[in-house]
file model-v4.cif (mmCIF, C-alpha atoms)
data_coords
loop_
_atom_site.label_atom_id
_atom_site.label_comp_id
_atom_site.auth_asym_id
_atom_site.auth_seq_id
_atom_site.Cartn_x
_atom_site.Cartn_y
_atom_site.Cartn_z
CA MET G 1 260.04 32.77 223.64
CA ARG G 2 257.54 35.46 224.61
CA LYS G 3 260.37 37.59 225.96
CA ILE G 4 262.26 37.37 222.68
CA PHE G 5 259.19 38.43 220.68
CA LEU G 6 258.55 41.27 223.10
CA ILE G 7 262.14 42.52 222.80
CA LEU G 8 262.05 42.24 219.00
CA ALA G 9 258.72 44.07 218.89
CA VAL G 10 260.03 46.95 221.02
CA LEU G 11 263.21 47.26 218.94
CA SER G 12 261.36 47.07 215.62
CA VAL G 13 258.88 49.76 216.71
CA GLN G 14 261.78 52.06 217.57
CA PHE G 15 263.40 51.31 214.22
CA PHE G 16 260.27 52.12 212.21
CA ILE G 17 259.37 55.23 214.23
CA SER G 18 262.85 56.78 214.10
CA GLN G 19 263.24 59.72 211.73
CA LYS G 20 265.90 60.13 209.14
CA LYS G 21 268.22 63.10 209.48
CA THR G 22 268.61 65.14 206.34
CA GLU G 23 271.09 67.94 205.78
CA ALA G 24 270.56 71.05 203.75
CA LYS G 25 272.90 71.69 200.87
CA SER G 26 276.01 73.70 201.69
CA GLU G 27 274.97 76.41 199.23
CA ASN G 28 271.74 76.93 201.16
CA LYS G 29 273.66 77.26 204.42
CA LYS G 30 275.94 79.91 202.91
CA ASN G 31 273.00 81.85 201.50
CA THR G 32 271.19 81.72 204.81
CA ILE G 33 274.23 83.01 206.68
CA GLU G 34 274.76 85.79 204.13
CA ASN G 35 271.09 86.79 204.31
CA LYS G 36 271.24 86.93 208.11
CA ASN G 37 274.36 89.12 207.96
CA ASP G 38 272.67 91.42 205.46
CA ALA G 39 269.59 91.65 207.66
CA LEU G 40 271.74 92.47 210.71
CA SER G 41 273.72 95.28 209.11
CA LEU G 42 272.52 98.83 208.55
CA SER G 43 271.91 100.29 205.13
CA LYS G 44 274.08 103.17 203.93
CA LYS G 45 271.16 105.58 204.35
CA GLU G 46 270.59 104.49 207.96
CA LYS G 47 274.29 104.57 208.73
CA ASP G 48 274.60 108.11 207.36
CA LEU G 49 271.54 109.31 209.34
CA TYR G 50 272.73 107.84 212.64
CA HIS G 51 276.33 108.95 212.13
CA GLU G 52 275.18 112.53 211.47
CA LYS G 53 273.07 112.52 214.67
CA PHE G 54 276.00 111.15 216.67
CA LEU G 55 278.35 113.85 215.38
CA LYS G 56 275.77 116.54 216.22
CA PHE G 57 275.51 115.12 219.74
CA ILE G 58 279.32 115.13 220.14
CA ALA G 59 279.47 118.75 218.93
CA ALA G 60 276.76 119.70 221.45
CA LEU G 61 278.63 117.78 224.17
CA LYS G 62 281.83 119.65 223.33
CA ALA G 63 279.97 122.99 223.54
CA SER G 64 278.11 121.88 226.71
CA ASP G 65 274.82 122.76 224.98
CA ARG G 66 272.25 120.91 227.09
CA ALA G 67 269.29 121.98 224.92
CA ALA G 68 270.92 120.66 221.73
CA MET G 69 271.83 117.37 223.43
CA ASP G 70 268.29 116.94 224.76
CA ALA G 71 266.86 117.58 221.28
CA LEU G 72 268.89 114.66 219.91
CA LEU G 73 267.88 112.21 222.66
CA SER G 74 264.84 109.95 222.58
CA ASP G 75 262.06 110.42 225.13
CA LYS G 76 263.17 107.29 227.02
CA ALA G 77 266.72 108.60 227.34
CA LYS G 78 265.61 112.10 228.39
CA LYS G 79 263.89 110.62 231.45
CA MET G 80 267.10 109.02 232.70
CA VAL G 81 269.82 111.47 231.68
CA THR G 82 270.93 114.04 234.25
CA ASP G 83 273.70 116.64 234.42
CA VAL G 84 275.90 114.02 236.10
CA VAL G 85 275.54 111.73 233.08
CA TYR G 86 276.48 114.56 230.71
CA LYS G 87 279.54 115.40 232.81
CA LYS G 88 280.59 111.75 232.85
CA LEU G 89 280.20 111.54 229.07
CA SER G 90 282.22 114.70 228.55
CA THR G 91 285.09 113.30 230.62
CA ASP G 92 284.96 109.80 229.08
CA ILE G 93 284.72 110.91 225.42
CA ASP G 94 287.49 112.99 223.90
CA THR G 95 285.43 115.42 221.81
CA ASN G 96 288.55 116.93 220.20
CA LYS G 97 289.31 113.71 218.30
CA THR G 98 287.58 112.42 215.19
CA PHE G 99 285.63 109.20 215.12
CA GLU G 100 285.71 106.20 212.81
CA ILE G 101 282.96 103.58 212.48
CA VAL G 102 284.11 100.14 213.59
CA LYS G 103 280.88 98.15 213.47
CA THR G 104 277.20 98.62 212.68
CA GLY G 105 274.25 96.40 213.43
CA TYR G 106 271.46 95.94 215.91
CA LYS G 107 271.71 95.91 219.69
CA PRO G 108 269.30 93.55 221.48
CA LEU G 109 267.82 94.91 224.69
CA ILE G 110 266.59 93.13 227.80
CA ASP G 111 262.94 93.37 226.72
CA GLY G 112 263.72 91.49 223.49
CA SER G 113 263.59 94.47 221.16
CA SER G 114 266.52 95.42 218.92
CA PHE G 115 267.67 98.90 217.98
CA PRO G 116 270.22 100.16 215.44
CA MET G 117 273.72 100.50 216.83
CA ILE G 118 277.03 101.95 215.65
CA GLN G 119 280.37 101.39 217.37
CA TYR G 120 283.08 104.02 217.00
CA LYS G 121 286.78 104.26 217.71
CA TYR G 122 289.07 107.26 217.63
CA SER G 123 290.58 107.77 214.16
CA ASP G 124 294.11 108.07 215.53
CA ASP G 125 293.88 104.58 217.15
CA LYS G 126 295.52 102.38 214.51
CA ALA G 127 295.69 99.19 216.62
CA ALA G 128 293.96 96.04 215.35
CA GLU G 129 291.86 96.07 218.51
CA PRO G 130 291.00 99.63 219.52
CA LYS G 131 291.68 100.68 223.10
CA GLU G 132 288.47 102.64 223.45
CA ILE G 133 285.07 101.95 221.87
CA ILE G 134 282.02 104.19 221.92
CA THR G 135 278.71 102.45 221.29
CA ALA G 136 275.75 104.56 220.20
CA VAL G 137 272.25 103.04 220.13
CA PHE G 138 269.52 104.76 218.15
CA GLU G 139 265.78 104.63 217.61
CA PRO G 140 264.75 103.98 213.98
CA ASP G 141 263.91 107.69 213.53
CA GLY G 142 267.48 108.72 214.45
CA LYS G 143 266.95 109.76 218.07
CA ILE G 144 269.72 108.58 220.40
CA LEU G 145 268.75 105.97 223.00
CA GLY G 146 272.17 105.76 224.59
CA ILE G 147 275.89 106.31 224.25
CA LYS G 148 278.32 104.15 226.13
CA PRO G 149 282.08 104.70 226.02
CA TYR G 150 284.30 101.97 227.38
CA GLU G 151 287.93 100.96 227.44
CA ILE G 152 288.97 97.52 226.32
CA ARG G 153 291.24 96.01 228.92
CA LYS G 154 293.28 92.90 228.40
#
call {"tool": "encode", "arguments": {"input": "model-v4.cif", "output": "structure tokens"}}
result
Amino acid sequence: MRKIFLILAVLSVQFFISQKKTEAKSENKKNTIENKNDALSLSKKEKDLYHEKFLKFIAALKASDRAAMDALLSDKAKKMVTDVVYKKLSTDIDTNKTFEIVKTGYKPLIDGSSFPMIQYKYSDDKAAEPKEIITAVFEPDGKILGIKPYEIRK
């Protein structure tokens, strides 16, 4: 008899302590998702500023103007960028083509910080999934933290 009371006591305690699960309304979920997407995208003013800086950098890269390229880079990037990096960029990016914005947002870094980012494709690439993407990461003031071209391989 004692065992039965003990078992019932343990089960009833678990029943009374358990919490009820409540769900938020579906409208709230949609609004939360929309607000997160809005917070993750760049404003038109930011997009225009960063796009202009990127195009200036590409023009300087095309002209091989090291001083102009250095002026557009952030202090962090200047410490790491060498002539070899500039040569690699000039071979990987076709500076004679025009660029089209594919995606904007924020790029999280290893240290947990996030910086504005714009991804570009070449305007003549009409495929649903572009073959080449160029990602440019910026500081909030418009200085370029990094540019990374890469080919999408299937």
call {"tool": "residues_around", "arguments": {"input": "model-v4.cif", "residues": "Asp124 in chain G", "least_positions_apart": "2", "cutoff": "9 Å", "atoms": "all atoms listed in the file", "output": "PyMOL selection string"}}
result
chain G and resi 97-99+121-122+126
call {"tool": "resolve_selection", "arguments": {"input": "model-v4.cif", "expression": "the PyMOL selection byres ((chain G and resi 101) around 12)", "output": "PyMOL selection string"}}
result
chain G and resi 47-48+50-52+54-55+98-100+102-105+117-123+125+130+133-136
call {"tool": "resolve_selection", "arguments": {"input": "model-v4.cif", "expression": "the PyMOL selection byres ((chain G and resi 68-82) around 9)", "output": "NGL selection string"}}
result
:G and (53-54 or 56-61 or 64-67 or 83-87 or 138-139 or 142-146)
call {"tool": "closest_residue", "arguments": {"input": "model-v4.cif", "among": "G:Pro116, G:Ile110, G:Lys88, G:Asn96", "to": "Tyr150 in chain G", "atoms": "all atoms listed in the file"}}
result
G:Lys88
call {"tool": "closest_residue", "arguments": {"input": "model-v4.cif", "among": "G:Leu89, G:Ala127, G:Val137, G:Leu109", "to": "Pro149 in chain G", "atoms": "all atoms listed in the file"}}
result
G:Leu89
call {"tool": "atom_distance", "arguments": {"input": "model-v4.cif", "atom1": "CA of Lys107 in chain G", "atom2": "CA of Ala63 in chain G"}}
result
28.6 Å
call {"tool": "closest_residue", "arguments": {"input": "model-v4.cif", "among": "G:Ile93, G:Glu151, G:Pro140, G:Phe115", "to": "Leu49 in chain G", "atoms": "all atoms listed in the file"}}
result
G:Pro140
call {"tool": "atom_distance", "arguments": {"input": "model-v4.cif", "atom1": "CA of Lys62 in chain G", "atom2": "CA of Glu46 in chain G"}}
result
24.3 Å
call {"tool": "atom_distance", "arguments": {"input": "model-v4.cif", "atom1": "CA of Tyr106 in chain G", "atom2": "CA of Ile147 in chain G"}}
result
14.0 Å
